[in-house]
Every structure is written in C-alpha cells, then in structure tokens.
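Trainee: What follows is entry_4.cif, mmCIF, C-alpha atoms.
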```cif
data_upload
#
loop_
_atom_site.label_atom_id
_atom_site.label_comp_id
_atom_site.auth_asym_id
_atom_site.auth_seq_id
_atom_site.Cartn_x
_atom_site.Cartn_y
_atom_site.Cartn_z
CA GLN A 289 25.65 -2.10 5.48
CA VAL A 290 22.02 -2.42 6.53
CA THR A 291 22.08 -4.89 9.40
CA GLY A 292 21.03 -5.28 13.00
CA TYR A 293 18.17 -3.76 14.96
CA LEU A 294 15.66 -1.18 13.72
CA ASP A 295 14.83 1.95 15.75
CA ASP A 296 11.58 1.87 17.74
CA CYS A 297 11.39 -1.94 17.25
CA THR A 298 12.65 -5.16 18.81
CA CYS A 299 13.24 -6.64 15.37
CA ASP A 300 16.37 -6.92 13.26
CA VAL A 301 17.00 -6.88 9.51
CA GLU A 302 18.32 -10.46 9.32
CA THR A 303 15.16 -11.96 10.85
CA ILE A 304 12.98 -10.12 8.31
CA ASP A 305 15.19 -11.17 5.38
CA ALA A 306 15.06 -14.86 6.29
CA PHE A 307 11.31 -14.81 7.01
CA ASN A 308 10.36 -12.84 3.91
CA ASN A 309 12.67 -14.26 1.27
CA TYR A 310 12.24 -17.95 2.05
CA LYS A 311 8.80 -18.26 3.63
CA LEU A 312 6.44 -15.44 2.84
CA PHE A 313 7.47 -13.96 -0.51
CA PRO A 314 6.96 -17.13 -2.65
CA ARG A 315 3.44 -17.72 -1.28
CA LEU A 316 2.44 -14.07 -1.55
CA ASN A 317 3.67 -13.94 -5.11
CA GLU A 318 1.48 -16.89 -6.02
CA LEU A 319 -1.58 -15.26 -4.42
CA LEU A 320 -1.05 -12.00 -6.32
CA GLN A 321 -1.04 -13.83 -9.68
CA SER A 322 -4.63 -14.97 -9.08
CA ASP A 323 -7.65 -13.32 -10.71
CA TYR A 324 -9.00 -11.86 -7.49
CA PHE A 325 -5.82 -9.90 -6.79
CA ARG A 326 -4.63 -8.97 -10.26
CA TYR A 327 -7.57 -6.73 -11.23
CA TYR A 328 -7.69 -3.33 -9.55
CA LYS A 329 -10.24 -0.64 -10.38
CA VAL A 330 -8.78 2.83 -10.60
CA ASN A 331 -9.66 6.28 -11.91
CA LEU A 332 -6.56 7.73 -13.57
CA GLN A 333 -8.45 10.73 -14.96
CA LYS A 334 -9.00 12.63 -11.71
CA PRO A 335 -7.54 16.15 -11.84
CA CYS A 336 -4.79 17.16 -9.42
CA PRO A 337 -6.53 18.91 -6.49
CA PHE A 338 -3.49 20.94 -5.37
CA TRP A 339 -2.01 22.67 -8.39
CA GLU A 340 -2.79 23.29 -12.04
CA ASP A 341 -1.01 20.45 -13.73
CA ASN A 342 -1.43 19.22 -17.25
CA SER A 343 2.05 17.81 -17.64
CA HIS A 344 1.43 14.17 -18.45
CA CYS A 345 4.42 12.03 -19.21
CA GLY A 346 4.39 11.35 -22.94
CA MET A 347 6.71 8.33 -22.82
CA ARG A 348 5.09 5.09 -23.84
CA ASP A 349 6.29 3.27 -20.70
CA CYS A 350 4.18 5.70 -18.65
CA ALA A 351 0.96 4.49 -20.26
CA VAL A 352 -1.48 2.13 -18.57
CA GLN A 353 -3.42 -0.42 -20.58
CA PRO A 354 -6.90 -0.81 -19.03
CA CYS A 355 -8.75 -4.13 -19.42
CA PRO A 356 -11.54 -4.63 -21.89
CA SER A 357 -14.41 -5.37 -19.53
CA ASP A 358 -15.04 -8.84 -20.98
CA GLU A 359 -11.58 -9.90 -19.73
CA VAL A 360 -12.45 -9.15 -16.12
CA PRO A 361 -14.02 -12.23 -14.46
CA ASP A 362 -17.81 -11.92 -14.11
CA GLY A 363 -17.69 -12.45 -10.37
CA ILE A 364 -15.40 -9.46 -9.90
CA ARG A 365 -17.42 -7.18 -12.16
CA ALA A 366 -20.74 -8.14 -10.61
CA GLY A 367 -19.40 -8.13 -7.09
CA SER A 368 -16.63 -5.60 -7.26
CA TYR A 369 -18.19 -4.26 -4.12
CA LYS A 370 -18.68 -7.24 -1.82
CA TYR A 371 -17.67 -10.87 -1.80
CA SER A 372 -20.16 -13.64 -1.26
CA GLU A 373 -23.17 -14.15 -3.48
CA GLU A 374 -25.36 -13.47 -0.47
CA ALA A 375 -23.61 -10.15 0.05
CA ASN A 376 -23.87 -9.27 -3.64
CA SER A 377 -27.61 -9.81 -3.65
CA LEU A 378 -27.87 -7.73 -0.48
CA VAL A 379 -26.02 -4.87 -2.11
CA GLU A 380 -28.30 -5.05 -5.14
CA GLU A 381 -31.31 -4.93 -2.83
CA CYS A 382 -29.70 -2.02 -1.03
CA GLU A 383 -29.14 -0.09 -4.23
CA GLU A 384 -32.67 -0.86 -5.35
CA ALA A 385 -33.86 0.38 -1.96
CA LYS A 386 -31.86 3.57 -2.35
CA ARG A 387 -33.56 4.21 -5.68
CA LEU A 388 -36.93 3.76 -4.00
CA GLY A 389 -35.85 6.22 -1.36
CA ALA A 390 -35.90 3.89 1.66
CA VAL A 391 -34.67 0.51 2.79
CA ASP A 392 -37.16 -2.17 1.78
CA ASP A 393 -39.35 -3.18 4.75
CA SER A 394 -39.59 -6.77 3.58
CA LEU A 395 -35.91 -7.37 4.46
CA SER A 396 -35.32 -8.86 7.88
CA LYS A 397 -34.23 -6.46 10.61
CA GLU A 398 -30.64 -7.82 10.64
CA THR A 399 -30.32 -7.64 6.87
CA ARG A 400 -31.60 -4.11 6.82
CA GLN A 401 -29.16 -3.18 9.55
CA ALA A 402 -26.29 -4.73 7.55
CA VAL A 403 -27.34 -2.96 4.36
CA LEU A 404 -27.43 0.40 6.11
CA GLN A 405 -24.08 -0.25 7.72
CA TRP A 406 -22.49 -1.09 4.40
CA ALA A 407 -23.91 2.06 2.89
CA GLN A 408 -22.55 4.15 5.76
CA HIS A 409 -19.28 2.30 6.00
CA ASP A 410 -17.67 3.67 2.90
CA ASP A 411 -17.86 7.27 3.96
CA SER A 412 -17.06 6.56 7.59
CA SER A 413 -14.23 8.23 9.43
CA ASP A 414 -11.95 5.22 9.76
CA SER A 415 -10.61 5.59 6.25
CA PHE A 416 -7.03 6.79 5.81
CA CYS A 417 -7.38 7.20 2.06
CA GLU A 418 -9.18 9.28 -0.48
CA ALA A 419 -10.43 6.22 -2.38
CA ASP A 420 -11.52 6.43 -5.99
CA ASP A 421 -15.23 6.23 -6.65
CA ILE A 422 -15.24 2.86 -8.40
CA HIS A 423 -18.72 3.57 -9.79
CA SER A 424 -17.45 6.62 -11.67
CA PRO A 425 -17.58 6.24 -15.48
CA ASP A 426 -13.85 7.10 -15.54
CA ALA A 427 -12.91 4.19 -13.24
CA GLU A 428 -11.51 1.23 -15.16
CA TYR A 429 -10.17 -2.18 -14.29
CA VAL A 430 -6.43 -2.57 -14.74
CA ASP A 431 -4.62 -5.91 -14.89
CA LEU A 432 -1.68 -5.32 -12.56
CA LEU A 433 0.30 -8.20 -14.07
CA LEU A 434 0.19 -6.54 -17.50
CA ASN A 435 1.13 -3.13 -16.07
CA PRO A 436 4.06 -3.93 -13.75
CA GLU A 437 5.73 -1.29 -11.64
CA ARG A 438 9.11 -0.51 -13.20
CA TYR A 439 11.30 2.30 -14.50
CA THR A 440 9.32 4.51 -16.90
CA GLY A 441 11.69 7.45 -17.40
CA TYR A 442 9.43 9.71 -15.29
CA LYS A 443 11.82 11.87 -13.25
CA GLY A 444 13.10 15.42 -12.90
CA PRO A 445 11.19 18.46 -11.56
CA ASP A 446 7.71 16.92 -11.92
CA ALA A 447 8.52 13.79 -9.94
CA TRP A 448 10.50 15.85 -7.42
CA LYS A 449 7.54 18.16 -6.89
CA ILE A 450 5.35 15.21 -5.84
CA TRP A 451 7.77 13.86 -3.24
CA ASN A 452 8.62 17.35 -2.05
CA SER A 453 4.95 18.11 -1.47
CA ILE A 454 4.57 14.82 0.46
CA TYR A 455 7.58 15.38 2.71
CA GLU A 456 7.39 19.13 3.21
CA GLU A 457 3.66 19.53 3.74
CA ASN A 458 2.46 16.21 5.09
CA CYS A 459 5.12 14.75 7.36
CA PHE A 460 4.48 17.02 10.38
CA LYS A 461 7.78 18.72 9.59
CA PRO A 462 8.36 22.42 10.30
CA GLN A 463 9.50 24.44 7.26
CA ASN A 464 12.76 25.52 8.90
CA VAL A 465 13.98 21.93 9.36
CA LYS A 466 15.44 20.95 6.00
CA ARG A 467 15.36 17.29 5.13
CA PRO A 468 18.67 15.67 4.15
CA LEU A 469 19.75 15.86 0.50
CA ALA A 470 16.72 17.91 -0.54
CA SER A 471 17.96 19.49 -3.74
CA GLY A 472 19.47 22.96 -3.90
CA ARG A 473 20.12 23.42 -0.19
CA GLY A 474 23.17 23.56 2.00
CA ASP A 475 23.10 20.22 3.81
CA ASP A 476 24.47 19.73 7.31
CA GLY A 477 24.55 15.95 6.89
CA GLY A 478 20.96 15.78 8.12
CA HIS A 479 22.07 16.75 11.64
CA THR A 480 19.26 19.28 12.26
CA PHE A 481 16.69 17.01 10.65
CA TYR A 482 17.55 13.91 12.69
CA LYS A 483 17.76 15.94 15.87
CA TRP A 484 14.21 17.16 15.12
CA LEU A 485 13.04 13.62 14.26
CA LYS A 486 14.43 12.22 17.48
CA GLY A 487 12.61 14.90 19.46
CA VAL A 488 9.11 14.30 18.06
CA CYS A 489 6.63 11.74 19.43
CA VAL A 490 6.84 8.15 18.25
CA GLU A 491 3.73 8.53 16.04
CA LYS A 492 5.10 11.47 14.03
CA ARG A 493 8.44 9.73 13.71
CA ALA A 494 6.68 6.58 12.50
CA PHE A 495 4.70 8.61 9.94
CA TYR A 496 7.89 10.02 8.42
CA ARG A 497 9.53 6.59 8.39
CA LEU A 498 6.54 4.97 6.67
CA ILE A 499 6.65 7.55 3.87
CA SER A 500 10.43 7.27 3.56
CA GLY A 501 10.09 3.46 3.49
CA LEU A 502 7.48 3.66 0.75
CA HIS A 503 9.75 6.00 -1.23
CA ALA A 504 12.67 3.58 -0.79
CA SER A 505 10.54 0.62 -1.87
CA ILE A 506 9.44 2.40 -5.06
CA ASN A 507 13.06 3.34 -5.85
CA ILE A 508 14.14 -0.28 -5.41
CA HIS A 509 11.51 -1.43 -7.93
CA LEU A 510 12.68 1.19 -10.42
CA SER A 511 16.30 0.09 -9.99
CA ALA A 512 15.46 -3.64 -10.14
CA ARG A 513 13.28 -3.37 -13.26
CA TYR A 514 15.26 -0.79 -15.17
CA LEU A 515 15.11 -0.41 -18.95
CA LEU A 516 18.53 -1.83 -19.86
CA GLN A 517 18.02 -2.12 -23.61
CA ASP A 518 15.51 -0.44 -25.89
CA SER A 519 15.88 -1.35 -29.53
CA TRP A 520 13.34 -1.83 -32.28
CA SER A 521 13.59 -5.59 -31.86
CA GLU A 522 13.31 -5.90 -28.08
CA LYS A 523 13.11 -4.24 -24.69
CA LYS A 524 15.12 -5.67 -21.86
CA TRP A 525 14.39 -4.90 -18.21
CA GLY A 526 16.63 -5.85 -15.31
CA PRO A 527 18.64 -4.67 -12.30
CA ASN A 528 20.66 -1.47 -12.71
CA VAL A 529 23.33 -1.49 -9.99
CA THR A 530 24.51 2.08 -10.71
CA GLU A 531 20.96 3.44 -10.30
CA PHE A 532 20.62 1.46 -7.06
CA GLN A 533 23.91 2.83 -5.70
CA GLN A 534 23.00 6.41 -6.54
CA ARG A 535 19.89 6.07 -4.37
CA PHE A 536 21.19 3.93 -1.51
CA ASP A 537 25.01 3.75 -1.33
CA GLU A 538 26.20 5.10 2.03
CA VAL A 539 29.03 7.21 0.54
CA LEU A 540 27.11 8.55 -2.47
CA THR A 541 24.13 9.56 -0.29
CA ASN A 542 26.09 10.97 2.69
CA GLY A 543 24.85 8.14 4.93
CA GLU A 544 21.23 8.66 3.91
CA GLY A 545 20.83 5.44 1.83
CA PRO A 546 21.08 2.92 4.69
CA ARG A 547 18.57 4.98 6.71
CA ARG A 548 16.11 4.84 3.81
CA LEU A 549 16.52 1.07 3.63
CA LYS A 550 15.93 0.71 7.37
CA ASN A 551 12.72 2.68 6.89
CA LEU A 552 11.71 0.15 4.23
CA TYR A 553 12.07 -2.60 6.85
CA PHE A 554 10.02 -0.51 9.27
CA LEU A 555 7.24 -0.22 6.66
CA TYR A 556 7.45 -4.01 6.16
CA LEU A 557 6.92 -4.59 9.89
CA ILE A 558 3.91 -2.26 10.05
CA GLU A 559 2.16 -3.89 7.06
CA LEU A 560 3.04 -7.40 8.31
CA ARG A 561 1.54 -6.52 11.70
CA ALA A 562 -1.70 -5.43 10.02
CA LEU A 563 -1.94 -8.76 8.17
CA SER A 564 -1.49 -10.66 11.42
CA LYS A 565 -4.27 -8.62 13.04
CA VAL A 566 -6.88 -8.92 10.30
CA LEU A 567 -6.99 -12.74 10.29
CA PRO A 568 -10.44 -13.01 12.05
CA PHE A 569 -12.05 -10.96 9.25
CA PHE A 570 -10.89 -13.39 6.55
CA GLU A 571 -11.30 -16.58 8.60
CA ARG A 572 -15.10 -16.35 8.69
CA PRO A 573 -16.73 -19.14 6.65
CA GLY A 574 -18.96 -16.58 4.90
CA PHE A 575 -16.00 -14.67 3.47
CA GLN A 576 -15.04 -15.60 -0.09
CA LEU A 577 -12.54 -14.27 -2.60
CA TYR A 578 -15.39 -14.18 -5.06
CA THR A 579 -14.50 -14.26 -8.78
CA GLY A 580 -17.14 -16.74 -9.93
CA ASN A 581 -14.64 -19.59 -10.34
CA GLU A 582 -15.58 -21.69 -7.32
CA SER A 583 -12.63 -24.10 -7.15
CA GLN A 584 -10.03 -21.36 -7.71
CA ASP A 585 -11.77 -19.12 -5.15
CA ALA A 586 -11.60 -21.85 -2.50
CA GLU A 587 -7.95 -22.59 -3.30
CA MET A 588 -7.00 -18.90 -3.08
CA LYS A 589 -8.83 -18.42 0.21
CA HIS A 590 -6.86 -21.38 1.57
CA LEU A 591 -3.58 -19.78 0.39
CA LEU A 592 -4.64 -16.38 1.79
CA LEU A 593 -5.28 -17.89 5.24
CA GLU A 594 -1.95 -19.72 5.08
CA ILE A 595 -0.21 -16.37 4.44
CA LEU A 596 -2.09 -14.66 7.29
CA HIS A 597 -1.26 -17.48 9.73
CA LEU A 598 2.36 -17.24 8.61
CA ALA A 599 2.27 -13.46 9.23
CA LYS A 600 0.88 -14.14 12.69
CA SER A 601 3.69 -16.60 13.45
CA PHE A 602 6.41 -13.97 12.87
CA PRO A 603 8.41 -13.87 16.12
CA LEU A 604 9.28 -10.17 16.42
CA HIS A 605 6.17 -8.17 15.58
CA PHE A 606 6.04 -4.40 15.87
CA ASP A 607 4.15 -3.37 18.99
CA GLU A 608 1.63 -0.78 17.87
CA ASN A 609 0.38 -0.33 21.44
CA SER A 610 2.99 2.38 21.82
CA PHE A 611 0.97 4.44 19.32
CA PHE A 612 -1.61 6.95 20.59
CA ALA A 613 -1.16 5.60 24.10
CA GLY A 614 -1.00 8.78 26.19
CA ASN A 615 -3.73 11.17 27.33
CA LYS A 616 -6.96 10.01 25.63
CA LYS A 617 -7.97 13.44 24.33
CA GLU A 618 -4.47 14.25 23.01
CA ALA A 619 -4.18 10.77 21.50
CA ALA A 620 -7.50 11.10 19.66
CA LYS A 621 -6.46 14.49 18.27
CA LEU A 622 -3.10 13.14 17.12
CA LYS A 623 -4.71 10.08 15.52
CA GLU A 624 -7.07 12.33 13.56
CA GLU A 625 -4.13 14.48 12.41
CA PHE A 626 -2.27 11.34 11.38
CA ARG A 627 -5.30 10.16 9.39
CA LEU A 628 -5.82 13.50 7.64
CA HIS A 629 -2.13 13.85 6.72
CA PHE A 630 -2.19 10.39 5.19
CA LYS A 631 -5.45 11.12 3.38
CA ASN A 632 -3.81 14.18 1.86
CA ILE A 633 -0.92 12.07 0.57
CA SER A 634 -3.40 9.74 -1.12
CA LYS A 635 -4.90 12.81 -2.90
CA ILE A 636 -1.44 13.94 -4.09
CA MET A 637 -1.25 10.71 -6.12
CA ASP A 638 -3.73 12.30 -8.56
CA CYS A 639 -0.99 14.82 -9.39
CA VAL A 640 1.52 12.23 -10.63
CA GLY A 641 2.12 12.89 -14.32
CA CYS A 642 3.10 9.33 -15.29
CA PHE A 643 -0.03 7.14 -15.38
CA LYS A 644 1.78 3.92 -14.50
CA CYS A 645 3.46 5.65 -11.53
CA ARG A 646 0.06 7.10 -10.60
CA LEU A 647 -1.56 3.66 -10.70
CA TRP A 648 1.06 2.09 -8.42
CA GLY A 649 1.24 5.18 -6.19
CA LYS A 650 -2.52 5.08 -5.63
CA LEU A 651 -2.51 1.35 -5.01
CA GLN A 652 0.38 1.48 -2.53
CA THR A 653 -0.99 4.43 -0.57
CA GLN A 654 -4.41 2.76 -0.41
CA GLY A 655 -2.72 -0.46 0.75
CA LEU A 656 -0.77 1.31 3.50
CA GLY A 657 -3.88 3.31 4.46
CA THR A 658 -5.80 0.01 4.78
CA ALA A 659 -3.01 -1.42 6.96
CA LEU A 660 -3.23 1.63 9.27
CA LYS A 661 -7.02 1.32 9.39
CA ILE A 662 -6.62 -2.33 10.50
CA LEU A 663 -4.09 -1.46 13.21
CA PHE A 664 -6.38 1.23 14.59
CA SER A 665 -9.49 -1.01 14.48
CA GLU A 666 -8.19 -3.83 16.62
CA ASN A 667 -11.10 -3.70 19.10
CA LEU A 668 -13.65 -3.88 16.28
CA ILE A 669 -11.86 -6.80 14.61
CA GLU A 670 -11.81 -8.78 17.86
CA LYS A 671 -15.61 -8.40 18.06
CA ILE A 672 -16.31 -9.76 14.57
CA PRO A 673 -18.94 -12.54 14.81
CA GLU A 674 -18.17 -15.85 13.08
CA SER A 675 -21.14 -15.53 10.76
CA GLY A 676 -23.24 -12.71 9.46
CA PRO A 677 -22.07 -9.16 8.73
CA SER A 678 -19.01 -7.86 10.55
CA TYR A 679 -20.55 -4.79 12.16
CA GLY A 680 -18.17 -1.94 12.76
CA PHE A 681 -15.31 -3.28 10.64
CA GLN A 682 -15.52 -3.86 6.91
CA LEU A 683 -13.07 -4.00 3.99
CA THR A 684 -14.12 -3.44 0.40
CA ARG A 685 -12.63 -5.57 -2.36
CA GLN A 686 -10.57 -2.53 -3.44
CA GLU A 687 -9.03 -2.27 0.03
CA ILE A 688 -8.25 -6.00 0.11
CA VAL A 689 -6.60 -5.97 -3.32
CA ALA A 690 -4.61 -2.83 -2.42
CA LEU A 691 -3.57 -4.20 1.01
CA PHE A 692 -2.07 -7.41 -0.37
CA ASN A 693 -0.55 -5.88 -3.50
CA ALA A 694 1.03 -3.06 -1.48
CA PHE A 695 2.54 -5.57 0.90
CA GLY A 696 3.59 -7.60 -2.14
CA ARG A 697 5.57 -4.58 -3.36
CA VAL A 698 7.35 -4.15 -0.02
CA SER A 699 8.02 -7.88 0.19
CA THR A 700 9.45 -7.77 -3.34
CA SER A 701 11.72 -4.87 -2.34
CA VAL A 702 13.18 -6.86 0.57
CA LYS A 703 13.76 -9.78 -1.81
CA GLU A 704 15.37 -7.50 -4.43
CA LEU A 705 17.77 -6.17 -1.79
CA GLU A 706 19.19 -9.67 -1.44
CA ASN A 707 19.69 -9.74 -5.21
CA PHE A 708 21.49 -6.36 -5.20
CA ARG A 709 23.70 -7.48 -2.30
CA ASN A 710 24.79 -10.51 -4.34
CA LEU A 711 25.39 -8.41 -7.47
CA LEU A 712 27.50 -5.90 -5.54
CA GLN A 713 29.53 -8.65 -3.86
CA ASN A 714 30.30 -10.23 -7.23
CA MET A 715 31.50 -6.87 -8.57
CA ARG A 716 34.03 -6.39 -5.76
#
```
Turn the structure described in the file into structure tokens.
Mentor:
Amino acid sequence: QVTGYLDDCTCDVETIDAFNNYKLFPRLNELLQSDYFRYYKVNLQKPCPFWEDNSHCGMRDCAVQPCPSDEVPDGIRAGSYKYSEEANSLVEECEEAKRLGAVDDSLSKETRQAVLQWAQHDDSSDSFCEADDIHSPDAEYVDLLLNPERYTGYKGPDAWKIWNSIYEENCFKPQNVKRPLASGRGDDGGHTFYKWLKGVCVEKRAFYRLISGLHASINIHLSARYLLQDSWSEKKWGPNVTEFQQRFDEVLTNGEGPRRLKNLYFLYLIELRALSKVLPFFERPGFQLYTGNESQDAEMKHLLLEILHLAKSFPLHFDENSFFAGNKKEAAKLKEEFRLHFKNISKIMDCVGCFKCRLWGKLQTQGLGTALKILFSENLIEKIPESGPSYGFQLTRQEIVALFNAFGRVSTSVKELENFRNLLQNMR
C-alpha cells in the first residue's frame, strides 16, 4: 500500500526501493562489517536527566556485552578521537599542551591553530546531539555486530513513556493536538493532528516526520528480528508478520501504518542527502579510516568513497534549500529551536531501560544528528581545503561511525520491507 510520491519531496517509493535494495544496501552492509565501523564507544551508565528512573529491563536480551579492550584494534583505541597518524600525534601534543596550561609555542602557527580548533570544535554550537564523553571511565567500546538491534521484550509503559516524551514534548506539538493512536484517548482518525501538521512550517513538519520515520525503522527491525523460538537448546530469530501487521497494517492502525512507512522513506532521503553532501570531507587524501591495519584501511576508504559517490548519483535527492529559507532572523531562531529539540531527544535516550535499546537509540539519534549537522554546514564543507585541517567543519570518529550505522539501519529497514511484502503476498 505504500507506493508513489512522498510529501514535501519529488521522490517516489519505487525509486528508493530499487536504488537501496540492489545498489546501496549490499555495499553499505559490507562497510559496516569492517573494524572501523563495528566498534562504537558508548556510556550506558548515564542517569536519566528527566525523571527518576531505576527500572532497568532485567531480560537477558536487553543486556549489552562490552568489548574487552584488547579486542578493539589498537588504531581505534589510540586514535578514537582523530584519524590519521599525523592527527593523532597532534591531539597528543594538544592534550600535553593542555596539561601544561597553554598550547606549545614550538608548534607551527597552522598546527597550533588546528589544535585549538579541534579542542573548541567538540563543544561548538553546530552539534545536534548530546554526545557521550568518550573519555569518561564509564564509556566502553561495544562491538555492534555482537549486539545486533532486535526484539528484546522491552515494551509496555516504560517504552511508551520514552516515545511519548519524544513526541509530546519535543516535536513542536501543542498539548491540545492529540497524536493519532496515542493510547487511552478518543481518536478522531488523526484528523485534528494532520490538519495541525499540514498547517505548520516545512521545518517543523520535517522534524515530526524524521522522528516518526526513526520510530518506524526501529519497529521494523524488531519485527524482522523477532524471537521466534526460545528453548534451552537454541534461540531462533526471524520475521514476525503478525507483529509487523500490528504496527503497520492500514486497517489495524486506522490508516496510520502507511504514513509511518512513508516517514521512514523521508528519513532515508534526508540521511542519503547528507551522505551526498559530505563527500569532500572524506575525499581528502589526508583522511583515513584509521584502525592500524593499513591495507584494510585503504580498502575500506575506497569502499566508503564508492558509497558516497553512489549516494551523490541518486537522481531524486531531497532539496534541503527549502529549510530555514525565509527571513534570516526568523530562520536562525527556528534552526536553533530545531537543534535544541533534537538535542533533547538525544538526552532522552539515557532514560531507556533496556541497555541494548539504549545503545541503538543513542547511536541512531547521534547518526541522524550528524546528518542534520552536515546538511546545515554545506557552506563550510564546500570550503574544505584538499590538505591540512578542515577548518570550520569536523567530524569525530564517533560521529562517522554513528552516521553510517544509523543510515545502515534505515537502509536495512527499506530492504526488510521488501521481505515483508513478499511474505504477505505468499500468505494471501
């Protein structure tokens, strides 16, 4: 039932399906299996900043297995902050300089400038996410391949509270406009809600659709990797069609399911657009996916650039120039609101009671936040010099890993939809 054109875009569902499932998804999947992209550093011990919450999910599928540090490649541990060896030594000099209370005068002027910019960069105002402090003693590396996103049994009031807080308090929505199918309310088929949504500016509408698309994507993963059998001898994970229908079937969801899926495609277009825009940052000869394994690093950079060129070749990109395009002062105010709302959502992830859900929630919000940061930094990216530090625009390794893994999740969702379509057709 989900076909044709998407609102606010010139693109249609069929074009995305063909592009993603046959061209992009297989290459992206290969990239995400590599060492550089499989290790993500995360602090799962941060307390919830919004409400007193000690309710951690006790089910074993909620647990996250961190990596013993000797399993993480040396290059990533030593340079979890920057990429090339040159950059790593600069950062060490910078940290040494910080300890001495000033930047070392023996560094060249340019190097000193770069060091200071890196130091300032990470608390600069272009960030859409409340990122974990990866130097905190509670931050640990997690192997994403050993902790896949799938159904954990985490649901009910605790999970509902998280999504409710995201939608009700952070999607620019007035309290009196009830969102469709929110539990325990008389529903008018979403009429009031969609009338409100149609009336708001394109940026606020896009914000809601990005969050709804992220929610849909997560629900597809849970339905596609559902615990089908749990016996003492084995666990079997696979697609659960009933679970999928409950979340997305047009009749069972009063027409809401197809809208959610269209929002997933909208999210796909936004993240794909960011990848096409960030190509100059990764194309520089000095940029490496540094793990310490030289031949694999070179191979993975080659694959990464192939993916970014492919993203750039997509024929029907979202046009983000419609965002924040009006009166300069109003636009700047709205952009700041947009950023702060998204930052708040990234903080809510520390309230998720299931650690595996928290891990993937943090990673996907950081990935989407990084995509938004790229889209709103286009002028800075265009000015990146071919060599030397990229003044003004920088991505940490954490942001890079989150960006590609988050897009990998959305790409997987689009691929899984094809699988569910086939399963449902065979059942008819």
Trainee: Show which residues sit within 9 Å of Asn309 of chain A, as a PyMOL selection string. Count all atoms listed in the file, and ignore same-chain residues fewer than 4 positions away.
Mentor: chain A and resi 304-305+313-314+699-700+702-703+706
Trainee: Interatomic distance between atom CA of Asp296 of chain A and atom CA of Lys550 of chain A?
Mentor: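 Pair atom CA of Asp296 of chain A / atom CA of Lys550 of chain A returns 11.3 Å.
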Trainee: Taking all atoms listed in the file into account, which of A:Leu515, A:Leu319, A:Ala659, A:Leu332 comes nearest Glu587 of chain A?
Mentor: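 Closest to Glu587 of chain A, using all atoms listed in the file: A:Leu319.
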Trainee: Which residues are close to Leu320 of chain A, i.e. within 8 Å by only C-alpha atoms, leaving aside same-chain residues fewer than 4 positions away? Reply as a PyMOL selection string.
Mentor: chain A and resi 316+325-326+692-693+696
Trainee: Could the residues in this selection be written to a file with C-alpha atoms, as a PDB file, keeping the file's coordinate frame?
Mentor:
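The resulting file, again_12.pdb, is shown below:
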```
ATOM      1  CA  LEU A 316       2.440 -14.070  -1.550  1.00  0.00           C
ATOM      2  CA  PHE A 325      -5.820  -9.900  -6.790  1.00  0.00           C
ATOM      3  CA  ARG A 326      -4.630  -8.970 -10.260  1.00  0.00           C
ATOM      4  CA  PHE A 692      -2.070  -7.410  -0.370  1.00  0.00           C
ATOM      5  CA  ASN A 693      -0.550  -5.880  -3.500  1.00  0.00           C
ATOM      6  CA  GLY A 696       3.590  -7.600  -2.140  1.00  0.00           C
TER       7      GLY A 696
END
```
Trainee: Using all atoms listed in the file for the distances, tell me which of A:Leu549, A:Ala351, A:Ile688, A:Met588 is nearest to Val430 of chain A.
Mentor: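 Distance minimum relative to Val430 of chain A lands on A:Ala351.
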Trainee: If we count all atoms listed in the file and set the cut-off at 10 Å, which residues sit around Leu591 of chain A, ignoring sequence neighbours fewer than 4 positions away in its own chain? Please answer as a PyMOL selection string.
Mentor: chain A and resi 315-316+318-319+585-587+595-597
Trainee: Between A:Cys645, A:Leu683, A:Ala694, A:Val488, which has the minimum distance to Lys461 of chain A (counting all atoms listed in the file)?
Mentor: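 Smallest separation from Lys461 of chain A among the options: A:Val488.
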Trainee: Using all atoms listed in the file, can you tell me which of A:Leu563, A:Ile499, A:Asn710, A:Lys334 comes closest to Ser601 of chain A?
Mentor: A:Leu563
Trainee: Expressed in Å to a single decimal, how great is the separation between atom CA of Gly441 of chain A and atom CA of Met637 of chain A?
Mentor: 17.5 Å
Trainee: Just say which residues the PyMOL selection byres ((chain A and resi 610-612) around 8) picks in this file, as a list in words.
Mentor: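 Output from the PyMOL selection byres ((chain A and resi 610-612) around 8), applied to this file: Val490, Glu491, Asp607, Glu608, Asn609, Ala613, Gly614, Lys616, Ala619, Ala620, Leu622 and Lys623 of chain A.
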Trainee: For this file, the PyMOL selection byres ((chain A and resi 496) around 12) selects which residues, as a ChimeraX atom specification?
Mentor: /A:454-461,467,481-482,484-486,488-495,497-503,547-548,551-552,554-555,626,629-630,633
Trainee: So the first atom is atom CA of Gly649 of chain A and the second is atom CA of Ser519 of chain A; what is the distance between them in Å, to one decimal place?
Mentor: 28.3 Å
Trainee: Would you kindly translate the PyMOL selection byres ((chain A and resi 661) around 12) into the concrete residues it picks from this file, as a PyMOL selection string?
Mentor: chain A and resi 412-417+558-559+561-563+565-566+623-624+626-627+630-631+654-660+662-669+681-683+687-688+691
